[in-house]
>>> print(open('input_38.cif').read())   # mmCIF, C-alpha atoms and all ligand atoms
data_data
#
loop_
_atom_site.group_PDB
_atom_site.id
_atom_site.type_symbol
_atom_site.label_atom_id
_atom_site.label_comp_id
_atom_site.auth_asym_id
_atom_site.auth_seq_id
_atom_site.Cartn_x
_atom_site.Cartn_y
_atom_site.Cartn_z
ATOM 1 C CA MET A 77 -39.204 55.964 3.394
ATOM 2 C CA GLN A 78 -41.540 56.436 0.445
ATOM 3 C CA GLN A 79 -40.446 53.774 -2.002
ATOM 4 C CA LEU A 80 -42.530 55.064 -4.915
ATOM 5 C CA LYS A 81 -42.180 58.789 -4.353
ATOM 6 C CA ASN A 82 -43.110 60.768 -7.494
ATOM 7 C CA LYS A 83 -43.831 57.597 -9.468
ATOM 8 C CA VAL A 84 -46.959 57.255 -11.601
ATOM 9 C CA ALA A 85 -48.600 53.830 -11.367
ATOM 10 C CA VAL A 86 -51.566 52.307 -13.172
ATOM 11 C CA ILE A 87 -53.269 49.273 -11.636
ATOM 12 C CA THR A 88 -55.963 47.596 -13.712
ATOM 13 C CA GLY A 89 -58.696 46.078 -11.576
ATOM 14 C CA GLY A 90 -57.437 48.415 -8.854
ATOM 15 C CA ASN A 91 -60.923 48.889 -7.419
ATOM 16 C CA SER A 92 -61.070 45.555 -5.605
ATOM 17 C CA GLY A 93 -59.086 42.835 -3.854
ATOM 18 C CA ILE A 94 -55.385 42.527 -4.668
ATOM 19 C CA GLY A 95 -55.435 45.516 -7.024
ATOM 20 C CA LYS A 96 -57.067 47.815 -4.493
ATOM 21 C CA ALA A 97 -54.723 46.753 -1.673
ATOM 22 C CA THR A 98 -51.782 47.359 -4.017
ATOM 23 C CA ALA A 99 -53.128 50.755 -5.056
ATOM 24 C CA GLN A 100 -53.515 51.673 -1.382
ATOM 25 C CA LEU A 101 -49.946 50.620 -0.516
ATOM 26 C CA PHE A 102 -48.413 52.262 -3.603
ATOM 27 C CA ALA A 103 -50.256 55.491 -2.770
ATOM 28 C CA GLU A 104 -48.960 55.387 0.822
ATOM 29 C CA GLU A 105 -45.487 54.878 -0.660
ATOM 30 C CA GLY A 106 -45.787 58.128 -2.585
ATOM 31 C CA ALA A 107 -47.085 57.036 -5.998
ATOM 32 C CA GLN A 108 -49.703 58.862 -8.029
ATOM 33 C CA ILE A 109 -52.261 56.121 -8.637
ATOM 34 C CA ILE A 110 -54.615 55.521 -11.536
ATOM 35 C CA ILE A 111 -56.951 52.564 -11.049
ATOM 36 C CA THR A 112 -59.291 50.978 -13.536
ATOM 37 C CA GLY A 113 -62.337 48.808 -13.016
ATOM 38 C CA ARG A 114 -65.591 47.867 -14.640
ATOM 39 C CA ARG A 115 -68.133 49.462 -12.307
ATOM 40 C CA ALA A 116 -68.260 53.227 -11.815
ATOM 41 C CA ASP A 117 -69.661 53.034 -8.276
ATOM 42 C CA VAL A 118 -66.951 50.591 -7.185
ATOM 43 C CA VAL A 119 -64.204 52.665 -8.824
ATOM 44 C CA ASP A 120 -65.527 55.828 -7.127
ATOM 45 C CA GLN A 121 -65.631 54.136 -3.733
ATOM 46 C CA ALA A 122 -62.116 52.747 -4.205
ATOM 47 C CA ILE A 123 -60.739 56.183 -5.108
ATOM 48 C CA ALA A 124 -62.328 57.607 -1.962
ATOM 49 C CA ASP A 125 -60.865 54.769 0.140
ATOM 50 C CA ILE A 126 -57.378 55.005 -1.390
ATOM 51 C CA GLY A 127 -57.206 58.818 -1.102
ATOM 52 C CA HIS A 128 -53.814 60.446 -1.875
ATOM 53 C CA GLY A 129 -55.293 61.972 -5.057
ATOM 54 C CA ALA A 130 -55.873 58.606 -6.726
ATOM 55 C CA ILE A 131 -57.845 58.801 -9.947
ATOM 56 C CA GLY A 132 -59.938 56.193 -11.715
ATOM 57 C CA LEU A 133 -61.074 55.150 -15.159
ATOM 58 C CA VAL A 134 -64.084 52.930 -15.767
ATOM 59 C CA GLY A 135 -63.866 50.436 -18.599
ATOM 60 C CA ASP A 136 -63.456 46.898 -19.788
ATOM 61 C CA VAL A 137 -59.942 45.575 -20.450
ATOM 62 C CA ALA A 138 -61.420 43.387 -23.176
ATOM 63 C CA ASP A 139 -62.255 46.596 -25.065
ATOM 64 C CA LEU A 140 -59.171 47.861 -26.899
ATOM 65 C CA ALA A 141 -60.529 51.439 -26.939
ATOM 66 C CA HIS A 142 -60.396 51.393 -23.128
ATOM 67 C CA HIS A 143 -56.602 50.995 -23.197
ATOM 68 C CA GLN A 144 -56.263 53.995 -25.498
ATOM 69 C CA LYS A 145 -58.494 56.052 -23.165
ATOM 70 C CA LEU A 146 -56.206 55.070 -20.307
ATOM 71 C CA ALA A 147 -53.112 56.018 -22.286
ATOM 72 C CA ASP A 148 -54.710 59.378 -23.166
ATOM 73 C CA LEU A 149 -55.571 59.984 -19.498
ATOM 74 C CA VAL A 150 -52.035 59.197 -18.357
ATOM 75 C CA THR A 151 -50.562 61.391 -21.094
ATOM 76 C CA SER A 152 -52.789 64.370 -20.349
ATOM 77 C CA ARG A 153 -52.439 64.181 -16.552
ATOM 78 C CA PHE A 154 -48.853 63.026 -16.070
ATOM 79 C CA GLY A 155 -47.107 62.727 -19.426
ATOM 80 C CA ARG A 156 -45.496 59.423 -18.473
ATOM 81 C CA LEU A 157 -45.878 56.186 -16.549
ATOM 82 C CA ASP A 158 -43.470 54.429 -14.177
ATOM 83 C CA VAL A 159 -45.373 51.263 -13.217
ATOM 84 C CA TYR A 160 -48.119 49.376 -15.063
ATOM 85 C CA MET A 161 -49.753 46.505 -13.196
ATOM 86 C CA ALA A 162 -51.969 44.368 -15.435
ATOM 87 C CA ASN A 163 -54.065 42.850 -12.699
ATOM 88 C CA ALA A 164 -57.725 42.746 -13.790
ATOM 89 C CA GLY A 165 -58.953 39.193 -14.104
ATOM 90 C CA ILE A 166 -61.906 36.830 -13.881
ATOM 91 C CA ILE A 167 -62.401 33.195 -12.973
ATOM 92 C CA ASN A 168 -65.150 30.678 -13.526
ATOM 93 C CA LEU A 169 -64.275 27.108 -12.645
ATOM 94 C CA THR A 170 -65.713 24.140 -14.471
ATOM 95 C CA THR A 171 -64.647 20.919 -16.143
ATOM 96 C CA SER A 172 -63.595 21.261 -19.766
ATOM 97 C CA ASP A 173 -66.661 19.439 -21.097
ATOM 98 C CA LYS A 174 -68.871 22.260 -19.751
ATOM 99 C CA VAL A 175 -66.874 25.207 -21.107
ATOM 100 C CA THR A 176 -68.837 27.059 -23.780
ATOM 101 C CA PRO A 177 -67.075 29.009 -26.536
ATOM 102 C CA GLU A 178 -68.503 32.184 -24.958
ATOM 103 C CA GLU A 179 -67.018 31.365 -21.559
ATOM 104 C CA TYR A 180 -63.691 30.462 -23.145
ATOM 105 C CA ASP A 181 -63.631 33.753 -25.065
ATOM 106 C CA ARG A 182 -64.632 35.740 -21.963
ATOM 107 C CA HIS A 183 -61.661 34.367 -20.016
ATOM 108 C CA PHE A 184 -59.159 34.990 -22.762
ATOM 109 C CA ALA A 185 -60.627 38.409 -23.645
ATOM 110 C CA THR A 186 -60.181 39.626 -20.061
ATOM 111 C CA ASN A 187 -57.265 37.668 -18.611
ATOM 112 C CA THR A 188 -55.095 37.392 -21.703
ATOM 113 C CA ARG A 189 -56.033 39.751 -24.558
ATOM 114 C CA GLY A 190 -56.728 42.494 -21.988
ATOM 115 C CA VAL A 191 -53.198 42.117 -20.621
ATOM 116 C CA PHE A 192 -51.498 41.891 -24.016
ATOM 117 C CA PHE A 193 -53.139 44.941 -25.574
ATOM 118 C CA GLY A 194 -53.008 46.870 -22.320
ATOM 119 C CA VAL A 195 -49.239 46.520 -22.270
ATOM 120 C CA GLN A 196 -48.951 47.144 -26.016
ATOM 121 C CA THR A 197 -50.921 50.398 -25.699
ATOM 122 C CA VAL A 198 -49.277 51.882 -22.599
ATOM 123 C CA ALA A 199 -45.711 50.659 -23.198
ATOM 124 C CA PRO A 200 -44.687 53.791 -25.125
ATOM 125 C CA LEU A 201 -45.634 55.853 -22.050
ATOM 126 C CA ILE A 202 -43.552 53.826 -19.613
ATOM 127 C CA ARG A 203 -40.354 55.676 -18.983
ATOM 128 C CA ASP A 204 -37.063 53.888 -19.550
ATOM 129 C CA GLY A 205 -36.202 52.072 -16.334
ATOM 130 C CA GLY A 206 -39.864 51.693 -15.338
ATOM 131 C CA ASN A 207 -41.544 48.362 -14.812
ATOM 132 C CA ILE A 208 -44.541 46.167 -15.551
ATOM 133 C CA ILE A 209 -46.204 43.627 -13.256
ATOM 134 C CA VAL A 210 -48.561 41.019 -14.642
ATOM 135 C CA THR A 211 -50.864 39.219 -12.206
ATOM 136 C CA SER A 212 -50.965 35.573 -13.187
ATOM 137 C CA SER A 213 -51.948 32.742 -10.835
ATOM 138 C CA LEU A 214 -50.708 29.660 -9.075
ATOM 139 C CA ALA A 215 -53.033 27.870 -11.520
ATOM 140 C CA ALA A 216 -50.617 28.747 -14.344
ATOM 141 C CA THR A 217 -48.050 26.300 -12.947
ATOM 142 C CA LYS A 218 -49.937 23.951 -10.627
ATOM 143 C CA ILE A 219 -52.726 21.657 -11.797
ATOM 144 C CA LEU A 220 -55.883 22.491 -9.831
ATOM 145 C CA PRO A 221 -59.321 20.897 -10.342
ATOM 146 C CA ASP A 222 -61.636 22.600 -12.893
ATOM 147 C CA HIS A 223 -59.121 25.360 -13.623
ATOM 148 C CA THR A 224 -58.238 24.408 -17.223
ATOM 149 C CA VAL A 225 -59.434 27.485 -19.134
ATOM 150 C CA TYR A 226 -58.504 29.934 -16.375
ATOM 151 C CA ALA A 227 -55.096 28.230 -16.054
ATOM 152 C CA GLY A 228 -54.506 28.544 -19.791
ATOM 153 C CA SER A 229 -55.423 32.218 -19.789
ATOM 154 C CA LYS A 230 -53.027 32.868 -16.899
ATOM 155 C CA ALA A 231 -50.170 30.717 -18.241
ATOM 156 C CA ALA A 232 -50.317 32.782 -21.434
ATOM 157 C CA VAL A 233 -49.759 36.059 -19.596
ATOM 158 C CA ALA A 234 -46.856 34.571 -17.657
ATOM 159 C CA ALA A 235 -45.311 33.666 -21.023
ATOM 160 C CA PHE A 236 -46.011 37.162 -22.371
ATOM 161 C CA ALA A 237 -44.277 38.704 -19.375
ATOM 162 C CA LYS A 238 -41.105 36.630 -19.784
ATOM 163 C CA ASN A 239 -40.943 37.559 -23.466
ATOM 164 C CA TRP A 240 -41.519 41.235 -22.660
ATOM 165 C CA ALA A 241 -38.694 41.131 -20.103
ATOM 166 C CA ILE A 242 -36.404 40.495 -23.078
ATOM 167 C CA GLU A 243 -38.244 42.647 -25.633
ATOM 168 C CA PHE A 244 -38.068 45.707 -23.364
ATOM 169 C CA LYS A 245 -34.371 45.208 -22.624
ATOM 170 C CA PRO A 246 -33.312 48.214 -24.746
ATOM 171 C CA ARG A 247 -35.489 50.437 -22.545
ATOM 172 C CA LYS A 248 -34.461 48.767 -19.264
ATOM 173 C CA ILE A 249 -38.108 48.148 -18.406
ATOM 174 C CA ARG A 250 -38.363 45.253 -15.949
ATOM 175 C CA VAL A 251 -41.318 42.897 -16.378
ATOM 176 C CA ASN A 252 -42.303 40.484 -13.616
ATOM 177 C CA ILE A 253 -45.130 38.119 -12.792
ATOM 178 C CA LEU A 254 -47.038 38.198 -9.522
ATOM 179 C CA SER A 255 -48.481 34.729 -9.002
ATOM 180 C CA PRO A 256 -50.997 34.581 -6.149
ATOM 181 C CA GLY A 257 -52.255 31.425 -4.506
ATOM 182 C CA PRO A 258 -55.720 31.502 -2.909
ATOM 183 C CA VAL A 259 -56.331 35.009 -1.556
ATOM 184 C CA GLU A 260 -59.399 36.266 0.294
ATOM 185 C CA THR A 261 -61.000 38.577 -2.272
ATOM 186 C CA ALA A 262 -64.314 39.021 -4.053
ATOM 187 C CA ILE A 263 -63.114 36.741 -6.850
ATOM 188 C CA LEU A 264 -63.879 33.796 -4.560
ATOM 189 C CA ASP A 265 -67.558 34.744 -4.809
ATOM 190 C CA LYS A 266 -67.341 33.643 -8.453
ATOM 191 C CA LEU A 267 -66.380 30.081 -7.603
ATOM 192 C CA GLY A 268 -69.979 28.991 -7.092
ATOM 193 C CA VAL A 269 -69.541 28.327 -3.373
ATOM 194 C CA SER A 270 -72.708 29.226 -1.462
ATOM 195 C CA GLU A 271 -72.545 31.514 1.558
ATOM 196 C CA ALA A 272 -73.402 28.549 3.783
ATOM 197 C CA ASP A 273 -70.577 26.418 2.347
ATOM 198 C CA ARG A 274 -68.015 29.223 2.477
ATOM 199 C CA PRO A 275 -66.508 28.422 5.926
ATOM 200 C CA ALA A 276 -66.057 24.754 4.957
ATOM 201 C CA PHE A 277 -64.569 25.806 1.592
ATOM 202 C CA GLU A 278 -62.109 28.187 3.239
ATOM 203 C CA LYS A 279 -61.154 25.527 5.808
ATOM 204 C CA HIS A 280 -60.530 23.057 2.991
ATOM 205 C CA MET A 281 -58.455 25.602 1.036
ATOM 206 C CA ALA A 282 -56.433 26.388 4.158
ATOM 207 C CA SER A 283 -55.705 22.685 4.637
ATOM 208 C CA LEU A 284 -54.118 22.598 1.157
ATOM 209 C CA ILE A 285 -51.758 25.493 1.866
ATOM 210 C CA PRO A 286 -48.556 24.884 3.854
ATOM 211 C CA ALA A 287 -49.088 28.259 5.569
ATOM 212 C CA GLY A 288 -52.367 26.847 6.911
ATOM 213 C CA ARG A 289 -54.474 29.751 5.697
ATOM 214 C CA MET A 290 -55.447 31.724 2.644
ATOM 215 C CA GLY A 291 -53.555 34.879 1.743
ATOM 216 C CA LEU A 292 -54.653 38.447 2.309
ATOM 217 C CA PRO A 293 -54.718 41.109 -0.424
ATOM 218 C CA GLU A 294 -52.249 43.179 1.627
ATOM 219 C CA GLU A 295 -49.708 40.338 1.446
ATOM 220 C CA LEU A 296 -49.878 40.382 -2.342
ATOM 221 C CA ALA A 297 -49.610 44.187 -2.287
ATOM 222 C CA ARG A 298 -46.314 43.982 -0.379
ATOM 223 C CA ALA A 299 -44.936 41.556 -2.973
ATOM 224 C CA ALA A 300 -46.076 43.900 -5.760
ATOM 225 C CA LEU A 301 -44.305 46.794 -4.004
ATOM 226 C CA PHE A 302 -41.095 44.762 -3.973
ATOM 227 C CA LEU A 303 -41.380 44.207 -7.737
ATOM 228 C CA ALA A 304 -42.407 47.795 -8.517
ATOM 229 C CA SER A 305 -39.854 49.600 -6.353
ATOM 230 C CA ASP A 306 -36.072 49.820 -6.274
ATOM 231 C CA ALA A 307 -36.132 46.952 -3.754
ATOM 232 C CA GLY A 308 -36.566 44.780 -6.851
ATOM 233 C CA SER A 309 -34.182 46.753 -9.087
ATOM 234 C CA PHE A 310 -32.285 43.626 -10.274
ATOM 235 C CA VAL A 311 -35.384 41.427 -10.498
ATOM 236 C CA ASN A 312 -36.575 40.846 -14.046
ATOM 237 C CA GLY A 313 -38.647 38.135 -15.729
ATOM 238 C CA ILE A 314 -39.437 36.231 -12.533
ATOM 239 C CA GLU A 315 -42.642 34.577 -11.441
ATOM 240 C CA LEU A 316 -43.058 35.573 -7.794
ATOM 241 C CA HIS A 317 -45.228 32.951 -6.127
ATOM 242 C CA VAL A 318 -47.060 34.419 -3.157
ATOM 243 C CA ASP A 319 -49.070 31.415 -2.094
ATOM 244 C CA GLY A 320 -48.042 30.307 1.388
ATOM 245 C CA GLY A 321 -45.983 27.521 -0.205
ATOM 246 C CA MET A 322 -48.839 25.944 -2.171
ATOM 247 C CA THR A 323 -46.706 25.576 -5.314
ATOM 248 C CA LEU A 324 -44.721 22.912 -3.471
ATOM 249 C CA VAL A 325 -47.470 20.525 -2.452
HETATM 250 P P1 LIG B 401 -61.294 40.804 -7.476
HETATM 251 O O1 LIG B 401 -62.501 40.221 -8.088
HETATM 252 O O2 LIG B 401 -61.408 41.422 -6.127
HETATM 253 O O3 LIG B 401 -60.620 41.836 -8.455
HETATM 254 C C1 LIG B 401 -60.639 41.648 -9.846
HETATM 255 C C2 LIG B 401 -60.591 43.000 -10.496
HETATM 256 O O4 LIG B 401 -60.564 42.842 -11.914
HETATM 257 C C3 LIG B 401 -61.825 43.852 -10.170
HETATM 258 O O5 LIG B 401 -61.374 45.138 -9.865
HETATM 259 C C4 LIG B 401 -62.623 43.891 -11.465
HETATM 260 O O6 LIG B 401 -63.301 45.097 -11.646
HETATM 261 C C5 LIG B 401 -61.499 43.743 -12.476
HETATM 262 N N1 LIG B 401 -61.986 43.207 -13.734
HETATM 263 C C6 LIG B 401 -62.469 41.967 -13.987
HETATM 264 N N2 LIG B 401 -62.826 41.859 -15.276
HETATM 265 C C7 LIG B 401 -62.557 43.060 -15.848
HETATM 266 C C8 LIG B 401 -62.704 43.593 -17.144
HETATM 267 N N3 LIG B 401 -63.187 42.838 -18.148
HETATM 268 N N4 LIG B 401 -62.309 44.867 -17.367
HETATM 269 C C9 LIG B 401 -61.822 45.621 -16.379
HETATM 270 N N5 LIG B 401 -61.648 45.169 -15.122
HETATM 271 C C10 LIG B 401 -62.026 43.919 -14.868
HETATM 272 O O7 LIG B 401 -60.244 39.601 -7.429
HETATM 273 P P2 LIG B 401 -58.694 39.542 -7.052
HETATM 274 O O8 LIG B 401 -58.527 38.250 -6.337
HETATM 275 O O9 LIG B 401 -58.211 40.792 -6.433
HETATM 276 O O10 LIG B 401 -58.056 39.358 -8.503
HETATM 277 C C11 LIG B 401 -56.958 40.142 -8.978
HETATM 278 C C12 LIG B 401 -56.125 39.276 -9.895
HETATM 279 O O11 LIG B 401 -55.520 38.225 -9.124
HETATM 280 C C13 LIG B 401 -56.914 38.588 -11.003
HETATM 281 O O12 LIG B 401 -56.190 38.643 -12.209
HETATM 282 C C14 LIG B 401 -57.008 37.155 -10.522
HETATM 283 O O13 LIG B 401 -57.158 36.229 -11.566
HETATM 284 C C15 LIG B 401 -55.684 37.010 -9.799
HETATM 285 N N6 LIG B 401 -55.652 35.904 -8.820
HETATM 286 C C16 LIG B 401 -56.454 35.924 -7.723
HETATM 287 C C17 LIG B 401 -56.408 34.861 -6.826
HETATM 288 C C18 LIG B 401 -57.287 34.809 -5.583
HETATM 289 O O14 LIG B 401 -57.355 33.742 -4.949
HETATM 290 N N7 LIG B 401 -57.923 35.880 -5.185
HETATM 291 C C19 LIG B 401 -55.529 33.808 -7.057
HETATM 292 C C20 LIG B 401 -54.729 33.823 -8.192
HETATM 293 C C21 LIG B 401 -54.784 34.884 -9.069
#
>>> encode(input="input_38.cif", output="structure tokens", more="lines below")
Ligand code: NAD
Amino acid sequence: MQQLKNKVAVITGGNSGIGKATAQLFAEEGAQIIITGRRADVVDQAIADIGHGAIGLVGDVADLAHHQKLADLVTSRFGRLDVYMANAGIINLTTSDKVTPEEYDRHFATNTRGVFFGVQTVAPLIRDGGNIIVTSSLAATKILPDHTVYAGSKAAVAAFAKNWAIEFKPRKIRVNILSPGPVETAILDKLGVSEADRPAFEKHMASLIPAGRMGLPEELARAALFLASDAGSFVNGIELHVDGGMTLV
């Protein structure tokens, strides 16, 4: 059964990791996919990999004009939107004493402002009864070392999403939070772990997760499909933790 047949779905940061795996699954489930990402070559490759007529838009979610370009693209190609997944995000871990104003602003411009104004811009295109997914993080609820600024940027979007779940009530637009634990994606390359230390890092991470391993992008994609499809038709305003149980320990 194609759970997203004839639906139009935008996934920001859909050219890599969780976003790309979600775009792939949504496309297989019948959705028309629009992905966004920062690098043209990576977006082009992702579109080729996803297939199913997926289209892409290159841009920076911190740039408000990018959201309008996306809205214009959706309007001209499809006239409406069913699912908007605000997924693009960055991470750079450090103790608070080392966070520069530039690094602080970069996190909030991408992870927080990018989500807020993305939703504000595309919301008029989302049909009544459609839905929004915001990718937050385990770090928004669980205290993890050196995560302070990232955690703040992700806690903010979780709060936005819960407020939107109420604000969009008149239009019956569901808004939910996808909250990943550690997942094997390119974002881990940004954690400052050298190639040589990577196996030890991953072993350590796995030891912290009740499931005994890190997650896979495809596992997050299946959770996103639940939220985006009619399988989640009565699910609104939740924070879906997909973290192998790490929230608990
Ligand atoms: P990833 O690096 O593979 O993907 C991140 C995506 O965001 C990329 O497509 C990138 O192009 C896009 N992006 C980043 N900054 C952008 C900008 N300014 N404008 C436009 N696009 C931008 O990493 P991922 O793990 O797939 O991350 C997806 C989301 O999941 C992020 O929001 C991340 O914070 C969140 N997350 C990831 C993990 C994890 O362990 N992988 C854990 C918790 C939360």
>>> residues_near_ligand(input="input_38.cif", ligand="ligand LIG 401 (chain B)", cutoff="8 Å", atoms="all atoms listed in the file", output="number ranges by chain")
A: 88-96, 112-115, 118, 134-139, 162-167, 185-187, 190, 211-215, 230, 255-264, 291, 293
>>> atom_distance(input="input_38.cif", atom1="atom CA of Ile285 of chain A", atom2="atom CA of Ala299 of chain A")
18.1 Å
>>> resolve_selection(input="input_38.cif", expression="the PyMOL selection byres (((chain A and resi 103) around 9) and not hetatm)", output="list in words")
Leu80, Lys81, Ala85, Thr98, Ala99, Gln100, Leu101, Phe102, Glu104, Glu105, Gly106, Ala107, Gln108, Ile109, Ile126, Gly127, His128, Gly129 and Ala130 of chain A
>>> residues_around(input="input_38.cif", residues="Arg156 of chain A", least_positions_apart="2", cutoff="8 Å", atoms="all atoms listed in the file", output="list in words")
Val84, Val150, Thr151, Phe154, Asp158, Leu201, Ile202 and Arg203 of chain A
>>> resolve_selection(input="input_38.cif", expression="the PyMOL selection byres (((chain A and resi 217-224) around 8) and not hetatm)", output="tab-separated table (two decimals) with C-alpha atoms, keeping the file's coordinate frame")
chain	number	residue	atom	x	y	z
A	169	LEU	CA	-64.28	27.11	-12.64
A	170	THR	CA	-65.71	24.14	-14.47
A	171	THR	CA	-64.65	20.92	-16.14
A	172	SER	CA	-63.60	21.26	-19.77
A	213	SER	CA	-51.95	32.74	-10.84
A	214	LEU	CA	-50.71	29.66	-9.07
A	215	ALA	CA	-53.03	27.87	-11.52
A	216	ALA	CA	-50.62	28.75	-14.34
A	225	VAL	CA	-59.43	27.48	-19.13
A	226	TYR	CA	-58.50	29.93	-16.38
A	227	ALA	CA	-55.10	28.23	-16.05
A	228	GLY	CA	-54.51	28.54	-19.79
A	231	ALA	CA	-50.17	30.72	-18.24
A	323	THR	CA	-46.71	25.58	-5.31
>>> closest_residue(input="input_38.cif", among="A:Ala304, A:Gln196, A:Ser283, A:Ala297", to="Gly321 of chain A", atoms="all atoms listed in the file")
A:Ser283
>>> resolve_selection(input="input_38.cif", expression="the PyMOL selection byres (((chain A and resi 132) around 6) and not hetatm)", output="NGL selection string")
:A and (110-112 or 131 or 133)
>>> closest_residue(input="input_38.cif", among="A:Val311, A:Glu278, A:Ala287, A:Arg298", to="Leu324 of chain A", atoms="all atoms listed in the file")
A:Ala287
>>> closest_residue(input="input_38.cif", among="A:Arg153, A:Lys279, A:Lys174, A:His143", to="Arg189 of chain A", atoms="all atoms listed in the file")
A:His143
>>> residues_near_point(input="input_38.cif", point="(-44.9, 35.6, -6.4)", cutoff="6 Å", atoms="only C-alpha atoms", output="PyMOL selection string")
chain A and resi 254-255+315-318
>>> closest_residue(input="input_38.cif", among="A:Ile208, A:Val191, A:Leu267, A:Ala241", to="Ser229 of chain A", atoms="only C-alpha atoms")
A:Val191
>>> atom_distance(input="input_38.cif", atom1="atom CA of Val198 of chain A", atom2="atom CA of Val210 of chain A")
13.5 Å
>>> atom_distance(input="input_38.cif", atom1="atom CA of Asp148 of chain A", atom2="atom CA of Ala199 of chain A")
12.5 Å
>>> closest_residue(input="input_38.cif", among="A:Val119, A:Val159, A:Ile242, A:Met322", to="Val86 of chain A", atoms="all atoms listed in the file")
A:Val159
>>> closest_residue(input="input_38.cif", among="A:Ala307, A:Thr197, A:Ser152, A:Leu296", to="Gly320 of chain A", atoms="only C-alpha atoms")
A:Leu296
>>> axis_aligned_box(input="input_38.cif", around="segment 253-258 of chain A", padding_each_side="4 Å", output="JSON")
{"center_x": -50.4, "center_y": 34.8, "center_z": -7.9, "size_x": 18.6, "size_y": 14.8, "size_z": 17.9}
>>> decode(input="input_38.cif", residues="segment 305-318 of chain A", atoms="C-alpha atoms", output="PDB file, in the first residue's frame")
ATOM      1  CA  SER A 305       0.823   9.335   6.936  1.00  0.00           C
ATOM      2  CA  ASP A 306      -2.669   8.340   8.021  1.00  0.00           C
ATOM      3  CA  ALA A 307      -1.030   5.795  10.349  1.00  0.00           C
ATOM      4  CA  GLY A 308      -0.508   8.811  12.614  1.00  0.00           C
ATOM      5  CA  SER A 309      -3.865  10.474  11.883  1.00  0.00           C
ATOM      6  CA  PHE A 310      -4.700  11.028  15.595  1.00  0.00           C
ATOM      7  CA  VAL A 311      -1.137  11.914  16.603  1.00  0.00           C
ATOM      8  CA  ASN A 312      -0.605  15.619  17.185  1.00  0.00           C
ATOM      9  CA  GLY A 313       1.901  17.644  19.208  1.00  0.00           C
ATOM     10  CA  ILE A 314       3.995  14.662  20.302  1.00  0.00           C
ATOM     11  CA  GLU A 315       7.735  14.322  20.599  1.00  0.00           C
ATOM     12  CA  LEU A 316       8.530  10.933  19.066  1.00  0.00           C
ATOM     13  CA  HIS A 317      11.809   9.742  20.547  1.00  0.00           C
ATOM     14  CA  VAL A 318      13.569   7.376  18.173  1.00  0.00           C
TER      15      VAL A 318
END
